[in-house]
file upload20.txt (compact mmCIF, N, CA and C atoms)
# COMPACT_ATOMS: atom_id res chain seq x y z
N MET S 1 -65.03 47.62 -44.27
CA MET S 1 -65.83 48.57 -45.01
C MET S 1 -66.44 49.61 -44.07
N LYS S 2 -66.97 49.15 -42.92
CA LYS S 2 -67.55 50.08 -41.96
C LYS S 2 -66.51 51.06 -41.44
N THR S 3 -65.29 50.60 -41.24
CA THR S 3 -64.22 51.45 -40.75
C THR S 3 -63.89 52.54 -41.77
N VAL S 4 -63.82 52.19 -43.03
CA VAL S 4 -63.54 53.17 -44.09
C VAL S 4 -64.66 54.20 -44.14
N PHE S 5 -65.90 53.76 -44.04
CA PHE S 5 -67.04 54.64 -44.06
C PHE S 5 -66.98 55.62 -42.89
N LYS S 6 -66.64 55.12 -41.69
CA LYS S 6 -66.53 55.98 -40.51
C LYS S 6 -65.41 57.01 -40.68
N ILE S 7 -64.30 56.61 -41.26
CA ILE S 7 -63.18 57.54 -41.48
C ILE S 7 -63.59 58.63 -42.47
N VAL S 8 -64.27 58.26 -43.53
CA VAL S 8 -64.73 59.23 -44.52
C VAL S 8 -65.70 60.22 -43.88
N ILE S 9 -66.63 59.74 -43.08
CA ILE S 9 -67.59 60.60 -42.40
C ILE S 9 -66.86 61.54 -41.44
N CYS S 10 -65.92 61.01 -40.68
CA CYS S 10 -65.17 61.82 -39.72
C CYS S 10 -64.39 62.93 -40.43
N ILE S 11 -63.72 62.60 -41.51
CA ILE S 11 -62.96 63.60 -42.28
C ILE S 11 -63.90 64.66 -42.85
N SER S 12 -65.04 64.25 -43.34
CA SER S 12 -66.02 65.20 -43.89
C SER S 12 -66.53 66.16 -42.83
N VAL S 13 -66.87 65.63 -41.67
CA VAL S 13 -67.37 66.46 -40.58
C VAL S 13 -66.29 67.45 -40.12
N CYS S 14 -65.08 66.97 -39.97
CA CYS S 14 -63.97 67.84 -39.54
C CYS S 14 -63.72 68.94 -40.56
N SER S 15 -63.75 68.60 -41.84
CA SER S 15 -63.55 69.59 -42.90
C SER S 15 -64.64 70.65 -42.86
N PHE S 16 -65.89 70.22 -42.66
CA PHE S 16 -67.01 71.15 -42.58
C PHE S 16 -66.85 72.10 -41.40
N ILE S 17 -66.47 71.59 -40.25
CA ILE S 17 -66.29 72.41 -39.06
C ILE S 17 -65.18 73.44 -39.28
N LEU S 18 -64.06 73.00 -39.85
CA LEU S 18 -62.96 73.92 -40.11
C LEU S 18 -63.34 74.99 -41.12
N ALA S 19 -64.06 74.60 -42.16
CA ALA S 19 -64.47 75.57 -43.18
C ALA S 19 -65.44 76.60 -42.61
N CYS S 20 -66.34 76.20 -41.78
CA CYS S 20 -67.30 77.13 -41.18
C CYS S 20 -66.60 78.09 -40.22
N GLY S 21 -65.66 77.59 -39.47
CA GLY S 21 -64.94 78.43 -38.51
C GLY S 21 -64.03 79.43 -39.18
N ALA S 22 -63.60 79.18 -40.41
CA ALA S 22 -62.66 80.06 -41.09
C ALA S 22 -63.35 81.21 -41.81
N LYS S 23 -64.66 81.20 -41.93
CA LYS S 23 -65.36 82.27 -42.64
C LYS S 23 -65.11 83.60 -41.96
N GLY S 24 -64.75 84.58 -42.77
CA GLY S 24 -64.55 85.92 -42.25
C GLY S 24 -63.15 86.20 -41.74
N ASN S 25 -62.35 85.19 -41.49
CA ASN S 25 -60.99 85.42 -40.99
C ASN S 25 -60.12 85.96 -42.12
N ALA S 26 -59.47 87.08 -41.86
CA ALA S 26 -58.61 87.70 -42.87
C ALA S 26 -57.40 88.31 -42.17
N SER S 27 -56.37 88.53 -42.93
CA SER S 27 -55.20 89.24 -42.41
C SER S 27 -54.61 90.08 -43.53
N ALA S 28 -53.92 91.13 -43.14
CA ALA S 28 -53.35 92.04 -44.12
C ALA S 28 -52.15 92.75 -43.52
N GLY S 29 -51.32 93.29 -44.38
CA GLY S 29 -50.19 94.09 -43.97
C GLY S 29 -50.17 95.37 -44.79
N PHE S 30 -49.84 96.47 -44.15
CA PHE S 30 -49.75 97.73 -44.86
C PHE S 30 -48.87 98.68 -44.07
N LYS S 31 -48.39 99.72 -44.75
CA LYS S 31 -47.48 100.67 -44.12
C LYS S 31 -48.24 101.74 -43.36
N VAL S 32 -47.71 102.08 -42.17
CA VAL S 32 -48.23 103.17 -41.35
C VAL S 32 -47.03 103.98 -40.88
N TRP S 33 -47.03 105.27 -41.15
CA TRP S 33 -45.91 106.11 -40.76
C TRP S 33 -45.99 106.43 -39.27
N GLY S 34 -44.83 106.47 -38.64
CA GLY S 34 -44.71 106.75 -37.22
C GLY S 34 -43.24 106.62 -36.83
N ASN S 35 -42.93 106.90 -35.57
CA ASN S 35 -41.52 106.93 -35.17
C ASN S 35 -41.14 106.06 -33.98
N CYS S 36 -41.99 105.98 -32.98
CA CYS S 36 -41.51 105.49 -31.68
C CYS S 36 -42.50 104.54 -31.01
N ASP S 37 -42.16 104.14 -29.79
CA ASP S 37 -43.03 103.25 -29.03
C ASP S 37 -44.36 103.91 -28.67
N MET S 38 -44.36 105.23 -28.49
CA MET S 38 -45.62 105.92 -28.24
C MET S 38 -46.52 105.84 -29.47
N CYS S 39 -45.91 105.95 -30.65
CA CYS S 39 -46.67 105.79 -31.89
C CYS S 39 -47.27 104.39 -31.94
N LYS S 40 -46.46 103.41 -31.64
CA LYS S 40 -46.91 102.02 -31.66
C LYS S 40 -48.14 101.83 -30.77
N GLU S 41 -48.07 102.41 -29.57
CA GLU S 41 -49.18 102.30 -28.63
C GLU S 41 -50.46 102.92 -29.19
N THR S 42 -50.33 104.09 -29.79
CA THR S 42 -51.50 104.78 -30.34
C THR S 42 -52.05 104.06 -31.57
N ILE S 43 -51.16 103.66 -32.46
CA ILE S 43 -51.58 102.99 -33.70
C ILE S 43 -52.28 101.68 -33.39
N GLU S 44 -51.66 100.86 -32.56
CA GLU S 44 -52.27 99.58 -32.21
C GLU S 44 -53.54 99.79 -31.37
N GLY S 45 -53.53 100.82 -30.51
CA GLY S 45 -54.70 101.12 -29.69
C GLY S 45 -55.91 101.51 -30.51
N ALA S 46 -55.68 102.13 -31.67
CA ALA S 46 -56.79 102.52 -32.55
C ALA S 46 -57.55 101.31 -33.05
N LEU S 47 -56.92 100.15 -33.01
CA LEU S 47 -57.54 98.94 -33.55
C LEU S 47 -58.08 98.01 -32.47
N LYS S 48 -58.18 98.50 -31.26
CA LYS S 48 -58.83 97.71 -30.21
C LYS S 48 -60.32 97.92 -30.37
N THR S 49 -60.87 97.24 -31.34
CA THR S 49 -62.26 97.43 -31.74
C THR S 49 -62.85 96.10 -32.18
N ASP S 50 -64.16 96.03 -32.18
CA ASP S 50 -64.85 94.81 -32.57
C ASP S 50 -64.46 94.41 -33.99
N GLY S 51 -64.07 93.18 -34.16
CA GLY S 51 -63.72 92.66 -35.47
C GLY S 51 -62.23 92.50 -35.68
N VAL S 52 -61.41 93.25 -34.95
CA VAL S 52 -59.95 93.13 -35.08
C VAL S 52 -59.46 92.17 -34.01
N THR S 53 -58.82 91.09 -34.45
CA THR S 53 -58.36 90.08 -33.50
C THR S 53 -56.91 90.30 -33.06
N SER S 54 -56.09 90.91 -33.92
CA SER S 54 -54.73 91.24 -33.52
C SER S 54 -54.19 92.35 -34.42
N ALA S 55 -53.31 93.15 -33.84
CA ALA S 55 -52.68 94.25 -34.58
C ALA S 55 -51.26 94.42 -34.04
N ASP S 56 -50.29 94.45 -34.94
CA ASP S 56 -48.90 94.63 -34.54
C ASP S 56 -48.22 95.56 -35.53
N TRP S 57 -47.73 96.69 -35.01
CA TRP S 57 -47.01 97.66 -35.85
C TRP S 57 -45.53 97.59 -35.52
N ASN S 58 -44.69 97.48 -36.56
CA ASN S 58 -43.25 97.42 -36.39
C ASN S 58 -42.67 98.80 -36.67
N LYS S 59 -42.08 99.44 -35.66
CA LYS S 59 -41.61 100.81 -35.84
C LYS S 59 -40.41 100.91 -36.78
N ASP S 60 -39.65 99.83 -36.94
CA ASP S 60 -38.49 99.87 -37.83
C ASP S 60 -38.89 99.77 -39.30
N THR S 61 -39.82 98.88 -39.59
CA THR S 61 -40.24 98.69 -40.99
C THR S 61 -41.46 99.53 -41.34
N LYS S 62 -42.12 100.09 -40.30
CA LYS S 62 -43.36 100.88 -40.46
C LYS S 62 -44.52 100.02 -40.97
N MET S 63 -44.42 98.71 -40.82
CA MET S 63 -45.45 97.81 -41.32
C MET S 63 -46.41 97.38 -40.21
N MET S 64 -47.70 97.44 -40.53
CA MET S 64 -48.77 96.97 -39.65
C MET S 64 -49.21 95.61 -40.16
N THR S 65 -49.32 94.67 -39.26
CA THR S 65 -49.90 93.37 -39.58
C THR S 65 -51.16 93.24 -38.73
N VAL S 66 -52.28 92.97 -39.39
CA VAL S 66 -53.55 92.93 -38.69
C VAL S 66 -54.34 91.70 -39.10
N SER S 67 -54.97 91.07 -38.12
CA SER S 67 -55.91 89.97 -38.37
C SER S 67 -57.28 90.44 -37.95
N PHE S 68 -58.29 90.11 -38.76
CA PHE S 68 -59.62 90.64 -38.49
C PHE S 68 -60.71 89.74 -39.06
N ASP S 69 -61.91 89.97 -38.57
CA ASP S 69 -63.09 89.26 -39.06
C ASP S 69 -63.72 90.14 -40.14
N SER S 70 -63.61 89.72 -41.38
CA SER S 70 -64.06 90.55 -42.49
C SER S 70 -65.58 90.66 -42.58
N THR S 71 -66.30 89.90 -41.74
CA THR S 71 -67.75 90.08 -41.69
C THR S 71 -68.13 91.22 -40.76
N LYS S 72 -67.15 91.71 -39.96
CA LYS S 72 -67.42 92.80 -39.01
C LYS S 72 -66.73 94.10 -39.38
N ILE S 73 -65.59 94.02 -40.05
CA ILE S 73 -64.81 95.21 -40.39
C ILE S 73 -64.00 94.92 -41.64
N ASN S 74 -63.75 95.95 -42.44
CA ASN S 74 -62.94 95.74 -43.65
C ASN S 74 -61.63 96.52 -43.54
N LEU S 75 -60.74 96.28 -44.48
CA LEU S 75 -59.42 96.89 -44.43
C LEU S 75 -59.49 98.41 -44.51
N GLY S 76 -60.39 98.93 -45.32
CA GLY S 76 -60.54 100.38 -45.41
C GLY S 76 -60.93 101.00 -44.07
N GLN S 77 -61.85 100.36 -43.38
CA GLN S 77 -62.26 100.85 -42.05
C GLN S 77 -61.10 100.80 -41.07
N ILE S 78 -60.30 99.76 -41.17
CA ILE S 78 -59.14 99.62 -40.28
C ILE S 78 -58.15 100.76 -40.52
N GLU S 79 -57.83 101.02 -41.79
CA GLU S 79 -56.87 102.08 -42.10
C GLU S 79 -57.43 103.46 -41.71
N ARG S 80 -58.74 103.66 -41.88
CA ARG S 80 -59.35 104.94 -41.50
C ARG S 80 -59.30 105.15 -39.98
N LYS S 81 -59.42 104.07 -39.21
CA LYS S 81 -59.32 104.19 -37.75
C LYS S 81 -57.93 104.67 -37.35
N ILE S 82 -56.92 104.17 -38.02
CA ILE S 82 -55.55 104.61 -37.74
C ILE S 82 -55.37 106.07 -38.17
N ALA S 83 -55.85 106.41 -39.36
CA ALA S 83 -55.73 107.78 -39.86
C ALA S 83 -56.44 108.78 -38.94
N ALA S 84 -57.51 108.37 -38.32
CA ALA S 84 -58.25 109.26 -37.40
C ALA S 84 -57.40 109.66 -36.19
N THR S 85 -56.39 108.84 -35.87
CA THR S 85 -55.51 109.17 -34.73
C THR S 85 -54.34 110.06 -35.16
N GLY S 86 -54.26 110.38 -36.46
CA GLY S 86 -53.22 111.29 -36.95
C GLY S 86 -52.10 110.64 -37.74
N TYR S 87 -52.15 109.34 -37.90
CA TYR S 87 -51.08 108.63 -38.60
C TYR S 87 -51.47 108.32 -40.04
N ASP S 88 -50.53 108.55 -40.97
CA ASP S 88 -50.76 108.26 -42.38
C ASP S 88 -50.59 106.77 -42.65
N THR S 89 -51.46 106.23 -43.50
CA THR S 89 -51.32 104.87 -43.99
C THR S 89 -51.06 104.95 -45.49
N GLU S 90 -50.94 103.81 -46.13
CA GLU S 90 -50.71 103.82 -47.57
C GLU S 90 -51.88 104.45 -48.32
N LEU S 91 -53.09 104.28 -47.81
CA LEU S 91 -54.27 104.75 -48.53
C LEU S 91 -54.88 106.03 -47.97
N TYR S 92 -54.65 106.32 -46.70
CA TYR S 92 -55.33 107.44 -46.05
C TYR S 92 -54.33 108.36 -45.36
N THR S 93 -54.57 109.66 -45.49
CA THR S 93 -53.76 110.65 -44.79
C THR S 93 -54.35 110.85 -43.41
N GLY S 94 -53.50 110.89 -42.42
CA GLY S 94 -53.95 111.07 -41.05
C GLY S 94 -54.66 112.40 -40.86
N ASP S 95 -55.60 112.42 -39.94
CA ASP S 95 -56.34 113.63 -39.61
C ASP S 95 -55.35 114.72 -39.18
N ASP S 96 -55.42 115.89 -39.82
CA ASP S 96 -54.46 116.97 -39.55
C ASP S 96 -54.50 117.45 -38.10
N LYS S 97 -55.69 117.63 -37.55
CA LYS S 97 -55.82 118.10 -36.17
C LYS S 97 -55.23 117.07 -35.20
N ALA S 98 -55.52 115.80 -35.45
CA ALA S 98 -54.98 114.73 -34.59
C ALA S 98 -53.46 114.67 -34.72
N TYR S 99 -52.95 114.84 -35.95
CA TYR S 99 -51.49 114.81 -36.17
C TYR S 99 -50.82 115.94 -35.38
N GLN S 100 -51.39 117.15 -35.45
CA GLN S 100 -50.81 118.30 -34.75
C GLN S 100 -50.80 118.12 -33.24
N SER S 101 -51.72 117.32 -32.72
CA SER S 101 -51.76 117.10 -31.27
C SER S 101 -50.88 115.94 -30.81
N LEU S 102 -50.25 115.25 -31.75
CA LEU S 102 -49.33 114.16 -31.37
C LEU S 102 -48.10 114.76 -30.68
N PRO S 103 -47.50 114.02 -29.75
CA PRO S 103 -46.26 114.49 -29.14
C PRO S 103 -45.21 114.74 -30.23
N GLU S 104 -44.28 115.63 -29.97
CA GLU S 104 -43.27 116.00 -30.97
C GLU S 104 -42.51 114.79 -31.49
N CYS S 105 -42.22 113.84 -30.61
CA CYS S 105 -41.46 112.66 -31.03
C CYS S 105 -42.25 111.78 -32.01
N CYS S 106 -43.56 111.95 -32.02
CA CYS S 106 -44.42 111.14 -32.89
C CYS S 106 -44.68 111.82 -34.24
N GLN S 107 -44.30 113.07 -34.39
CA GLN S 107 -44.51 113.76 -35.65
C GLN S 107 -43.37 113.42 -36.59
N TYR S 108 -43.69 113.17 -37.83
CA TYR S 108 -42.75 112.68 -38.83
C TYR S 108 -42.93 113.51 -40.09
N ASP S 109 -42.03 113.36 -41.04
CA ASP S 109 -42.16 114.04 -42.33
C ASP S 109 -43.31 113.39 -43.07
N ARG S 110 -44.38 114.17 -43.26
CA ARG S 110 -45.58 113.61 -43.89
C ARG S 110 -45.38 113.48 -45.38
N LYS S 111 -46.06 112.49 -45.93
CA LYS S 111 -45.94 112.23 -47.37
C LYS S 111 -46.68 113.25 -48.20
call {"tool": "encode", "arguments": {"input": "upload20.txt", "output": "structure tokens"}}
result
Amino acid sequence: MKTVFKIVICISVCSFILACGAKGNASAGFKVWGNCDMCKETIEGALKTDGVTSADWNKDTKMMTVSFDSTKINLGQIERKIAATGYDTELYTGDDKAYQSLPECCQYDRK
């Protein structure tokens, strides 16, 4: 009986620790227009900020996969950070001045 009680307590404590550690963890995927490895560097570099734990942009699929702490940053803020560098996302149009200053290879047919 004592062994069963200890196992139940251990499972409860472990579940509590895991649940507390998972608060705020989120991930999302969305489209970001761009062309090349320089675009990838700029797009991912825009997300080197507090709250973003990982960011990976695939130049072939144009898909961004991002993991973040939703208590520090939200998806809208993430997409706006990318748009500020001149790149269009599904929800936000890139800043025109920033887009015009991108290298020619990074400029694409805008939506």
call {"tool": "select_by_dssp", "arguments": {"input": "upload20.txt", "residues": "chain S", "states": "helix (DSSP H, G or I)", "output": "PyMOL selection string"}}
result
chain S and resi 2-22+37-45+75-84+96-100+104-106
call {"tool": "residues_around", "arguments": {"input": "upload20.txt", "residues": "Gly34 (chain S)", "least_positions_apart": "2", "cutoff": "10 Å", "atoms": "only C-alpha atoms", "output": "short mmCIF file (atom, residue, chain, number, x, y, z; two decimals) with N, CA and C atoms, keeping the file's coordinate frame"}}
result
data_model
loop_
_atom_site.label_atom_id
_atom_site.label_comp_id
_atom_site.auth_asym_id
_atom_site.auth_seq_id
_atom_site.Cartn_x
_atom_site.Cartn_y
_atom_site.Cartn_z
N LYS S 31 -48.39 99.72 -44.75
CA LYS S 31 -47.48 100.67 -44.12
C LYS S 31 -48.24 101.74 -43.36
N VAL S 32 -47.71 102.08 -42.17
CA VAL S 32 -48.23 103.17 -41.35
C VAL S 32 -47.03 103.98 -40.88
N CYS S 36 -41.99 105.98 -32.98
CA CYS S 36 -41.51 105.49 -31.68
C CYS S 36 -42.50 104.54 -31.01
N ASP S 37 -42.16 104.14 -29.79
CA ASP S 37 -43.03 103.25 -29.03
C ASP S 37 -44.36 103.91 -28.67
N MET S 38 -44.36 105.23 -28.49
CA MET S 38 -45.62 105.92 -28.24
C MET S 38 -46.52 105.84 -29.47
N CYS S 39 -45.91 105.95 -30.65
CA CYS S 39 -46.67 105.79 -31.89
C CYS S 39 -47.27 104.39 -31.94
N LYS S 40 -46.46 103.41 -31.64
CA LYS S 40 -46.91 102.02 -31.66
C LYS S 40 -48.14 101.83 -30.77
N THR S 42 -50.33 104.09 -29.79
CA THR S 42 -51.50 104.78 -30.34
C THR S 42 -52.05 104.06 -31.57
N ILE S 43 -51.16 103.66 -32.46
CA ILE S 43 -51.58 102.99 -33.70
C ILE S 43 -52.28 101.68 -33.39
N TRP S 57 -47.73 96.69 -35.01
CA TRP S 57 -47.01 97.66 -35.85
C TRP S 57 -45.53 97.59 -35.52
N ASN S 58 -44.69 97.48 -36.56
CA ASN S 58 -43.25 97.42 -36.39
C ASN S 58 -42.67 98.80 -36.67
N LYS S 59 -42.08 99.44 -35.66
CA LYS S 59 -41.61 100.81 -35.84
C LYS S 59 -40.41 100.91 -36.78
N ASP S 60 -39.65 99.83 -36.94
CA ASP S 60 -38.49 99.87 -37.83
C ASP S 60 -38.89 99.77 -39.30
N THR S 61 -39.82 98.88 -39.59
CA THR S 61 -40.24 98.69 -40.99
C THR S 61 -41.46 99.53 -41.34
N LYS S 62 -42.12 100.09 -40.30
CA LYS S 62 -43.36 100.88 -40.46
C LYS S 62 -44.52 100.02 -40.97
N MET S 63 -44.42 98.71 -40.82
CA MET S 63 -45.45 97.81 -41.32
C MET S 63 -46.41 97.38 -40.21
N GLY S 86 -54.26 110.38 -36.46
CA GLY S 86 -53.22 111.29 -36.95
C GLY S 86 -52.10 110.64 -37.74
N TYR S 87 -52.15 109.34 -37.90
CA TYR S 87 -51.08 108.63 -38.60
C TYR S 87 -51.47 108.32 -40.04
N ASP S 88 -50.53 108.55 -40.97
CA ASP S 88 -50.76 108.26 -42.38
C ASP S 88 -50.59 106.77 -42.65
N THR S 89 -51.46 106.23 -43.50
CA THR S 89 -51.32 104.87 -43.99
C THR S 89 -51.06 104.95 -45.49
N CYS S 105 -42.22 113.84 -30.61
CA CYS S 105 -41.46 112.66 -31.03
C CYS S 105 -42.25 111.78 -32.01
N CYS S 106 -43.56 111.95 -32.02
CA CYS S 106 -44.42 111.14 -32.89
C CYS S 106 -44.68 111.82 -34.24
N GLN S 107 -44.30 113.07 -34.39
CA GLN S 107 -44.51 113.76 -35.65
C GLN S 107 -43.37 113.42 -36.59
N TYR S 108 -43.69 113.17 -37.83
CA TYR S 108 -42.75 112.68 -38.83
C TYR S 108 -42.93 113.51 -40.09
N ASP S 109 -42.03 113.36 -41.04
CA ASP S 109 -42.16 114.04 -42.33
C ASP S 109 -43.31 113.39 -43.07
N ARG S 110 -44.38 114.17 -43.26
CA ARG S 110 -45.58 113.61 -43.89
C ARG S 110 -45.38 113.48 -45.38
#
call {"tool": "closest_residue", "arguments": {"input": "upload20.txt", "among": "S:Ala55, S:Ala26, S:Ala46, S:Ala98", "to": "Asn74 (chain S)", "atoms": "only C-alpha atoms"}}
result
S:Ala26
call {"tool": "select_by_dssp", "arguments": {"input": "upload20.txt", "residues": "chain S", "states": "strand (DSSP E or B)", "output": "list in words"}}
result
Asn25, Ala26, Ser27, Ala28, Gly29, Phe30, Lys31, Val32, Val52, Thr53, Ser54, Ala55, Asp56, Trp57, Asn58, Met63, Met64, Thr65, Val66, Ser67, Phe68, Asp69 and Thr89 of chain S
call {"tool": "residues_around", "arguments": {"input": "upload20.txt", "residues": "region 47-54 of chain S", "least_positions_apart": "2", "cutoff": "6 Å", "atoms": "only N, CA and C atoms", "output": "ChimeraX atom specification"}}
result
/S:43-45,56,65-69,72-73
call {"tool": "atom_distance", "arguments": {"input": "upload20.txt", "atom1": "atom N of Pro103 (chain S)", "atom2": "CA of Leu75 (chain S)"}}
result
25.5 Å
call {"tool": "atom_distance", "arguments": {"input": "upload20.txt", "atom1": "CA of Glu79 (chain S)", "atom2": "CA of Asp96 (chain S)"}}
result
15.3 Å
call {"tool": "axis_aligned_box", "arguments": {"input": "upload20.txt", "around": "region 36-44 of chain S", "padding_each_side": "4 Å", "output": "JSON"}}
result
{"center_x": -47.5, "center_y": 102.8, "center_z": -31.0, "size_x": 20.0, "size_y": 14.4, "size_z": 13.5}
call {"tool": "atom_distance", "arguments": {"input": "upload20.txt", "atom1": "atom N of Gly76 (chain S)", "atom2": "CA of Ser27 (chain S)"}}
result
11.4 Å
call {"tool": "closest_residue", "arguments": {"input": "upload20.txt", "among": "S:Asp95, S:Asn35, S:Gly24, S:Phe30", "to": "Lys81 (chain S)", "atoms": "only C-alpha atoms"}}
result
S:Asp95
